[in-house]
Every structure is written in C-alpha cells, then in structure tokens.
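Only one structure is covered here, and it is reproduced in the block below.
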Amino acid sequence: MGNVETAGALRVEAAGTQSVVKRKTPWVKIRRHWQYYLMAALPLTYLVVFKYIPMVGAQIAFRDFSPVEGIWGSEWVGLEHFLLFFKSPNFIPLIRNVVSINVLVMTLGFVAPIILALALNELRNVAFKRTVQMVTYFPHFISTVVMASMIILFLNPRVGFAGNLARLLGWEPVDFMGISAAFPWIYVFSEIWQRSGFGAIIYMAALAGINPELYEAARIDGASRLQKIRHIDLTGILPTIIILLILQSGEVMNLGFEKVFLLQNPLNLPNSEVIATYVYKIGLINASFSFGAAVGLFNSVINFFLIIIINSIARRVSEHSLW
Amino acid sequence: MVAGSAAAPLPRPHIRESFGDRVFLICVTAFLTIILLVVLYPLIYVISSSFSSGQAVTTGKVWLLPVEPTLHGYRTAFAYPQILRGFQNSVIYTAFGTLINVVMTILIAYPLSRRDFYGRKVIMMGLVFTMMFYGGLIPTYLTVRAVGILNTRLAMVVPQALAVWQVIIARTFFQSTIADELVEAADIDGCSDVGFVWSVVLPLSKPIIAVLVLLYAVGHWNAYFDALVYLHQTDLFPLQIILRNVLILNDATRATMRASEEIAREGLIDILKYAVIVIASVPVMILYPFAQKHFVKGVMIGSLKG
C-alpha cells in the first residue's frame with residue numbers, strides 16, 4: 001500500500017503542483033472537508049460492525065460461551081479450548097492437510113499462470129492468442145458449487161468421464177474421490193484448470209509493461225527466445241510474482257475452503273479436512289462456539305504472522321514487498 | 001506481443017529467427033493448443049451431456065457431441081420448483097447486493113483517494129488490516145445474529161457490503177483520473193464535496209463502476225457459503241444452495257438406494273445434473289464477453305498498486 005502513496009506523491013511533485021501543502025491544524029482540515037466523513041460514515045460503520053466487532057468477539061475463544069450470558073458475561077477459561085484443540089487427535093492431521101494442500105497450491109498452482117502468461121507472450125498469431133485467452137479465462141467464472149460437482153461427476157468411476165475413459169483404454173476404473181491421498185492433487189489440478197487463465201492476466205499486464213528496447217538489445221546480442229524469457233521476461237515480472245506470492249500467503253490457512261468443503265466425502269476426509277472446514281463443523285454445526293472460535297482464532301493468528309513473515313523475507317531478499 | 005509486433009515490420013536478415021527459436025515457437029504453440037483443448041473439453045462435455053439421453057450418458061456414449069439429443073434433462077430441471085425459486089432469490093441477492101456494494105465502495109474509496117482527507121492513512125490501514133486478520137467464522141456469525149438479520153434476506157447482502165480489494169481498485173482509479181486541480185476548481189466554484197462526487201466524479205467513473213458491478217455481481221451470483229451459514233429457511237435459499245442439494249448432496253442419497261433402482265434412475269439424475277450446471281452458468285455465460293473485458297481492466301487497475 002505504501003508504494004501507492006509514494007508513487008502518488010512523486011507524480012504530484014513531478015507535475016509541479018504546490019498548491020496543496022499548507023500547514024493547517026487537523027480540526028481545520030476536518031471542518032473544511034466534513035462531507036468526506038459524512039460519505040465514509042456508512043462504510044466505516046460497516047467495517048466496525050462486521051469486521052472489528054467480530055475481532056473483539058473472538059475473545060469467546062478464551063471464555064466458555066453461554067448464549068444466556070452473552071460474549072461479555074461468559075466465564076473466562078483462559079487457554080482451555082486451545083489446549084483441548086492442540087491435544088485432540090484431530091490437530092496433527094488438520095495441520096498436515098493444510099500444509100500438504102498448500103505445498104501443491106503454492107508450487108504447481110502458483111507457477112501455472114506464470115508459465116501460461118510466458119507462453120502466451122511468445123505467440124504472434126493474435127487470433128490464436130485471443131482464443132486461448134478467451135477460453136482459459138472462462139472457468140474462473142464458474143461457481144464453486146458447479147466446479148465441485150463437475151469434479152465429482154467427471155471422476156465418478158461408473159458413469160463419469162474418468163470411468164468411461166478408463167474402460168475405453170481397457171483399464172479398471174478408479175474411484176479417485178474415494179482415494180484419500182489423491183485429494184490434494186484433485187484439489188490443485190482442478191484449481192489450475194479453473195484459475196490459471198485468469199491468473200495469467202496480471203502477468204500478461206506486467207509483460208506488456210517491459211521496455212521494448214530490452215528485447216531489441218537482446219536480439220542484437222543474438223539471444224534465443226528461451227534466453228529472452230529467462231533474462232528479460234522473468235526479471236521483468238519478478239516484482240509482480242513477489243507481490244502475488246505475498247498475497248497468496250494470505251490465503252494459506254483458509255485456502256479455497258469453500259471448495260474443499262464441497263469436495264469432502266467420508267472416504268477422503270482423512271486428507272480433506274482442513275482447519276477452516278473443521279471450524280464450521282465443530283463450531284456451527286455442533287454449536288461449540290467457544291471451541292470453534294478458538295480453532296478459528298488459531299487459524300487467523302497463524303495466517304497473520306505468515307503474511308508478515310513472508311513480506312519481510314521478500315523485503316529483505318528482493319526489495320519488493322507489500323509494505 | 002511487444003517483441004512480436006516489433007519484429008514483424010522489420011524483416012532484417014540478421015535478426016531472422018534461428019532454427020532453435022522456430023522449434024521453440026512450434027513447441028509453445030503445441031503446448032497452448034493442448035491447454036486450450038484441456039480447458040475447452042470439459043465445458044463441451046458438460047453441455048453435450050446435458051442435451052443427451054440419460055442412457056447415453058451413463059453408458060459412456062457421449063464423447064463430444066450430444067448423443068440421442070433430448071431436452072429431458074432440462075424439462076426435469078425446470079420441474080424442480082426449488083430451482084426456479086433459487087434462481088429468483090439469486091437474482092434478488094445479486095441485484096441488491098451489488099447495488100449496496102457499489103455505493104458503499106464509492107463512498108469510502110473516493111475520500112480515501114483525496115490527499116486532503118485527514119486521517120486517510122489510518123482508515124486505509126484499518127481497511128487493509130481486515131484483509132490480513134479475520135475475526136473468525138463463529139464471532140462473525142454471532143455478530144450477524146446479534147444484529148438480528150440471521151435467516152433474513154438481509155443476511156445475504158449486509159455482512160458482505162464491502163470488499164477491501166475493490167475499495168483499493170476504486171481508490172487507485174480515482175487517484176489517477178480525478179485530478180486535484182479539478183477538485184480545487186470545483187471548490188472555488190462553491191461546489192460541495194458531495195455535490196462534486198455526484199455531478200463530476202460519478203460521470204467520469206463509468207469504467208470503474210462497470211468493473212465493480214461485475215466483480216461484485218459474479219461474487220454474489222456464485223456465493224453459497226454465507227447462505228449455508230446464515231439461512232435455514234428453504235424459500236430464502238439462493239440458487240447455489242439448491243444446486244448443492246441437487247448436485248452434491250444427492251450423491252449421499254444414491255448410496256442408500258437399491259442397486260436396480262439406482263441404475264434406472266442414474267441416467268436421469270446425471271443428465272439432470274448436467275442440465276442444472278448449464279442453467280446455473282447461463283447468466284454468467286451471457287455476461288461473459290462483456291465481463292471479460294472489464295475484468296481484465298479491473299485486474300490491471302488492481303495491479304497498479306504493486
């Protein structure tokens with residue numbers, strides 16, 4: 001966010017406008033533009049009520065929530081719910097599933113749109129390029145429910161596409177949705193199918209912004225296409241890659257839990273239960289509000305620190321970062 | 001594209017592509033052709049299956065085009081009263097939800113784009129912080145319940161009245177299109193801030209409003225989880241929940257059916273599912289050519305912040 005501020009400030013300085021900067025007390029500034037606050041009032045109220053009050057409400061993780069007493073009246077129990085969660089037999093599998101799905105998402109899932117963008121960038125046939133873009137963007141607009149049911153229908157060993165294909169090739173149809181260990185792969189490959197095209201847009205934009213003189217120079221130096229990709233394209237989109245990597249890390253703990261939830265079945269549950277789906281089931285379905293809130297808070301805190309850590313690593317090793 | 005367009009009008013001999021480069025280009029084209037087919041094929045398969053007979057689908061006769069073409073799947077789908085009801089509800093939630101979203105987004109994004117908005121850095125930080133830290137499903141649910149909108153139509157539009165990412169996009173747009181000089185000129189002419197937004201900013205913001213409408217509308221149309229959490233009255237369910245019941249939960253009941261019954265009904269159930277998938281995606285498909293352009297623009301504006 002800081003980058004925008006500085007970029008904006010630089011632009012203004014470069015343009016040579018000097019009219020704005022005058023020393024005024026805050027009160028004068030506020031009174032002068034009181035209508036800004038009028039406009040912002042409703043959105044800010046929304047933020048406070050639906051974003052910040054739940055953060056305060058997360059304290060029920062440290063209490064024993066009783067509907068009668070409410071959030072503030074319920075009895076304090078300290079870390080009891082957290083300890084219960086850490087000691088429960090679910091804890092290790094949950095963490096393992098979050099990690100194993102995310103390893104695939106952050107590697108295969110992250111690289112796929114980059115490769116697609118680099119490949120599209122090499123094309124000269126505009127019509128073909130447009131066609132590929134048009135088709136690969138489309139799955140992004142398919143809803144999660146439809147996507148999940150397409151996966152289930154396709155992988156059905158008896159009547160689905162996968163089963164038909166296996167029979168055509170003379171193989172025994174496999175029930176992929178019934179193989180627990182296959183779950184992370186099903187998740188990530190469907191994610192790649194659905195999101196890579198759309199994810200490539202941002203890299204295409206970055207590639208279009210690379211200085212054409214660099215390509216000119218590379219051509220004169222006799223660089224091959226592959227060398228140009230490596231030294232010009234990849235270097236050029238590195239800042240974008242890093243920013244997206246940091247943003248992606250913000251999704252790690254929640255992943256596409258809406259999709260995970262829809263793809264769950266009793267057979268793949270050992271590999272498909274993640275913290276976010278567990279919170280829903282234990283907290284809302286079983287109405288263990290305090291325990292659910294504790295697990296959710298654990299999730300949020302880990303996620304928060306993950307963003308901070310990845311951002312600071314990015315800042316140290318590459319000087320590109322979110323703030 | 002940059003390299004390509006630069007190379008085309010200047011066919012000088014020493015920059016002609018080497019053999020290796022031509023092979024590379026062929027490989028890239030082949031690779032993208034495969035990608036194209038892999039993405040396209042499931043879409044075609046779904047549409048073809050929805051127009052095929054149940055028997056053709058279950059026995060694996062459908063590969064590319066509809067087999068034994070019929071509208072049986074669609075007729076069965078529209079015979080489901082919940083599907084029509086869900087469709088209506090989704091239209092309501094999408095229309096009102098998007099309206100609220102766009103108004104709220106502009107109300108906060110415009111002041112945040114002005115450098116003379118005292119306190120804007122703090123507010124921006126407060127906004128971004130909500131992206132990084134989530135109070136949690138349970139506390140949010142309890143808040144929605146305390147507000148008193150649980151199991152009402154409002155629960156589908158109020159708790160997600162604003163998306164931070166969209167605010168950032170809109171703010172970036174306002175920063176780059178509404179010049180400070182314009183604001184000052186209006187100020188000198190005695191135009192109030194609200195009046196300025198209404199008569200100057202909004203007419204200049206049609207592109208960003210289109211982007212916001214599409215981002216929010218597709219989000220509302222495709223959302224299901226909030227409905228699952230906040231609604232339990234069946235006649236309030238949006239289409240996606242009905243879809244989930246028809247498409248996914250149905251699998252559970254299938255296991256309890258007797259084998260003979262199962263095979264007989266399976267064909268119909270399957271084409272019903274494919275038909276329902278197509279019906280649910282039609283609004284998005286109609287919007288798609290229009291949406292695609294604006295979504296790309298939206299992503300580009302968003303990427304400026306990087």
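Numbering starts fresh at 1 for the residues of each chain in the structure tokens, the chains themselves are lettered A, B, ... in the order given, and ligands are numbered from 1 as they appear.
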Once you count only C-alpha atoms, what closest atom pair and distance in Å to one decimal does each residue of chain B within 7 Å of chain A have, with rows by chain and rising residue number, as a Markdown table?
| residue | atom | partner | partner_atom | distance |
| --- | --- | --- | --- | --- |
| B:Met1 | CA | A:Asn121 | CA | 5.7 |
| B:Val2 | CA | A:Pro212 | CA | 6.5 |
| B:Ala3 | CA | A:Tyr215 | CA | 6.4 |
| B:Gly4 | CA | A:Arg124 | CA | 5.5 |
| B:Ile15 | CA | A:Arg219 | CA | 6.6 |
| B:Asp21 | CA | A:Arg225 | CA | 5.8 |
| B:Val28 | CA | A:Ala119 | CA | 6.0 |
| B:Leu36 | CA | A:Val132 | CA | 5.7 |
| B:Val39 | CA | A:Thr136 | CA | 6.3 |
| B:Leu40 | CA | A:Val135 | CA | 6.7 |
| B:Thr58 | CA | A:Val159 | CA | 4.8 |
| B:Thr59 | CA | A:Val159 | CA | 6.8 |
| B:Gly60 | CA | A:Asn164 | CA | 5.4 |
| B:Met104 | CA | A:Pro43 | CA | 5.7 |
| B:Leu107 | CA | A:Met39 | CA | 5.1 |
| B:Ile108 | CA | A:Ala40 | CA | 4.8 |
| B:Pro111 | CA | A:Tyr36 | CA | 5.5 |
| B:Phe117 | CA | A:Tyr36 | CA | 7.0 |
| B:Tyr118 | CA | A:Ile30 | CA | 6.3 |
| B:Thr130 | CA | A:Lys51 | CA | 6.5 |
| B:Met132 | CA | A:Phe304 | CA | 5.7 |
| B:Phe133 | CA | A:Phe304 | CA | 5.8 |
| B:Tyr134 | CA | A:Ser300 | CA | 5.8 |
| B:Gly135 | CA | A:Met55 | CA | 4.0 |
| B:Gly136 | CA | A:Gly296 | CA | 5.3 |
| B:Leu137 | CA | A:Gly296 | CA | 6.9 |
| B:Ile138 | CA | A:Ala293 | CA | 5.5 |
| B:Pro139 | CA | A:Pro54 | CA | 4.8 |
| B:Thr140 | CA | A:Pro54 | CA | 5.0 |
| B:Thr143 | CA | A:Pro54 | CA | 6.3 |
| B:Pro159 | CA | A:Phe50 | CA | 6.2 |
| B:Asp193 | CA | A:Gln35 | CA | 6.0 |
| B:Val194 | CA | A:Gln35 | CA | 6.4 |
| B:Asn222 | CA | A:Ser143 | CA | 4.7 |
| B:Phe225 | CA | A:Glu258 | CA | 6.7 |
| B:Gln240 | CA | A:Val145 | CA | 6.4 |
| B:Leu243 | CA | A:Val145 | CA | 7.0 |
| B:Arg244 | CA | A:Val145 | CA | 6.0 |
| B:Leu247 | CA | A:Ser149 | CA | 5.9 |
| B:Ile248 | CA | A:Ser149 | CA | 6.0 |
| B:Ile277 | CA | A:Val146 | CA | 6.0 |
| B:Ser281 | CA | A:Ile142 | CA | 6.7 |
| B:Val284 | CA | A:Phe141 | CA | 6.8 |
| B:Val296 | CA | A:Ile201 | CA | 6.7 |
| B:Val299 | CA | A:Ile202 | CA | 6.4 |
| B:Met300 | CA | A:Ile202 | CA | 6.4 |
| B:Ser303 | CA | A:Ile202 | CA | 6.8 |
| B:Lys305 | CA | A:Val4 | CA | 5.7 |
| B:Gly306 | CA | A:Ile243 | CA | 6.5 |
Near Phe87 (chain B), within 9 Å and counting only C-alpha atoms, which residues show up once chain neighbours fewer than 5 positions away are dropped, as a VMD selection string?
-> chain B and resid 82 92 238 to 240 280
Write out as a PyMOL selection string which residues come within 10 Å of Phe189 (chain A) when counting only C-alpha atoms, dropping same-chain ones fewer than 4 positions away.
-> chain A and resi 104-105+108-109+183-185+193-195
Please dump the current selection as a PDB file, in the first residue's frame; keep N, CA, C and O atoms.
ATOM      1  N   LEU A 104       1.226 -27.888  -2.651  1.00  0.00           N
ATOM      2  CA  LEU A 104       0.871 -28.019  -4.071  1.00  0.00           C
ATOM      3  C   LEU A 104       0.332 -26.711  -4.639  1.00  0.00           C
ATOM      4  O   LEU A 104       0.665 -26.323  -5.757  1.00  0.00           O
ATOM      5  N   VAL A 105      -0.502 -26.037  -3.855  1.00  0.00           N
ATOM      6  CA  VAL A 105      -1.088 -24.780  -4.345  1.00  0.00           C
ATOM      7  C   VAL A 105       0.003 -23.740  -4.585  1.00  0.00           C
ATOM      8  O   VAL A 105      -0.003 -23.038  -5.595  1.00  0.00           O
ATOM      9  N   LEU A 108       2.828 -25.850  -7.775  1.00  0.00           N
ATOM     10  CA  LEU A 108       2.172 -26.082  -9.067  1.00  0.00           C
ATOM     11  C   LEU A 108       1.139 -25.011  -9.373  1.00  0.00           C
ATOM     12  O   LEU A 108       1.120 -24.430 -10.458  1.00  0.00           O
ATOM     13  N   GLY A 109       0.288 -24.728  -8.400  1.00  0.00           N
ATOM     14  CA  GLY A 109      -0.784 -23.766  -8.600  1.00  0.00           C
ATOM     15  C   GLY A 109      -0.262 -22.371  -8.866  1.00  0.00           C
ATOM     16  O   GLY A 109      -0.836 -21.617  -9.633  1.00  0.00           O
ATOM     17  N   PHE A 183      -6.686 -36.585  -2.766  1.00  0.00           N
ATOM     18  CA  PHE A 183      -7.440 -35.344  -2.610  1.00  0.00           C
ATOM     19  C   PHE A 183      -6.648 -34.070  -2.915  1.00  0.00           C
ATOM     20  O   PHE A 183      -7.116 -33.230  -3.691  1.00  0.00           O
ATOM     21  N   PRO A 184      -5.440 -33.891  -2.325  1.00  0.00           N
ATOM     22  CA  PRO A 184      -4.704 -32.646  -2.613  1.00  0.00           C
ATOM     23  C   PRO A 184      -4.453 -32.459  -4.104  1.00  0.00           C
ATOM     24  O   PRO A 184      -4.506 -31.339  -4.610  1.00  0.00           O
ATOM     25  N   TRP A 185      -4.206 -33.554  -4.815  1.00  0.00           N
ATOM     26  CA  TRP A 185      -3.942 -33.469  -6.254  1.00  0.00           C
ATOM     27  C   TRP A 185      -5.196 -33.086  -7.020  1.00  0.00           C
ATOM     28  O   TRP A 185      -5.148 -32.252  -7.924  1.00  0.00           O
ATOM     29  N   TRP A 193      -6.865 -25.797 -13.441  1.00  0.00           N
ATOM     30  CA  TRP A 193      -7.776 -25.762 -14.594  1.00  0.00           C
ATOM     31  C   TRP A 193      -8.652 -24.517 -14.534  1.00  0.00           C
ATOM     32  O   TRP A 193      -8.850 -23.824 -15.522  1.00  0.00           O
ATOM     33  N   GLN A 194      -9.163 -24.215 -13.342  1.00  0.00           N
ATOM     34  CA  GLN A 194     -10.110 -23.118 -13.236  1.00  0.00           C
ATOM     35  C   GLN A 194      -9.466 -21.743 -13.186  1.00  0.00           C
ATOM     36  O   GLN A 194     -10.025 -20.783 -13.710  1.00  0.00           O
ATOM     37  N   ARG A 195      -8.299 -21.623 -12.561  1.00  0.00           N
ATOM     38  CA  ARG A 195      -7.786 -20.278 -12.254  1.00  0.00           C
ATOM     39  C   ARG A 195      -6.594 -19.807 -13.065  1.00  0.00           C
ATOM     40  O   ARG A 195      -6.288 -18.618 -13.045  1.00  0.00           O
TER      41      ARG A 195
END
From the list B:Val57, B:Ser52, B:Ala227, B:Lys206, which residue is nearest His72 (chain B) when using only C-alpha atoms?
->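 The closest residue to His72 (chain B) is B:Ser52.
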Of the candidates B:Leu162, B:Ile241, B:Met124, B:Lys61, which shows the shortest atom-to-atom distance to Val102 (chain B), using only C-alpha atoms?
->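 Smallest separation from Val102 (chain B) among the options: B:Leu162.
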Between CA of Val38 (chain B) and CA of Val62 (chain B) - distance in Å to one decimal = 16.7 Å
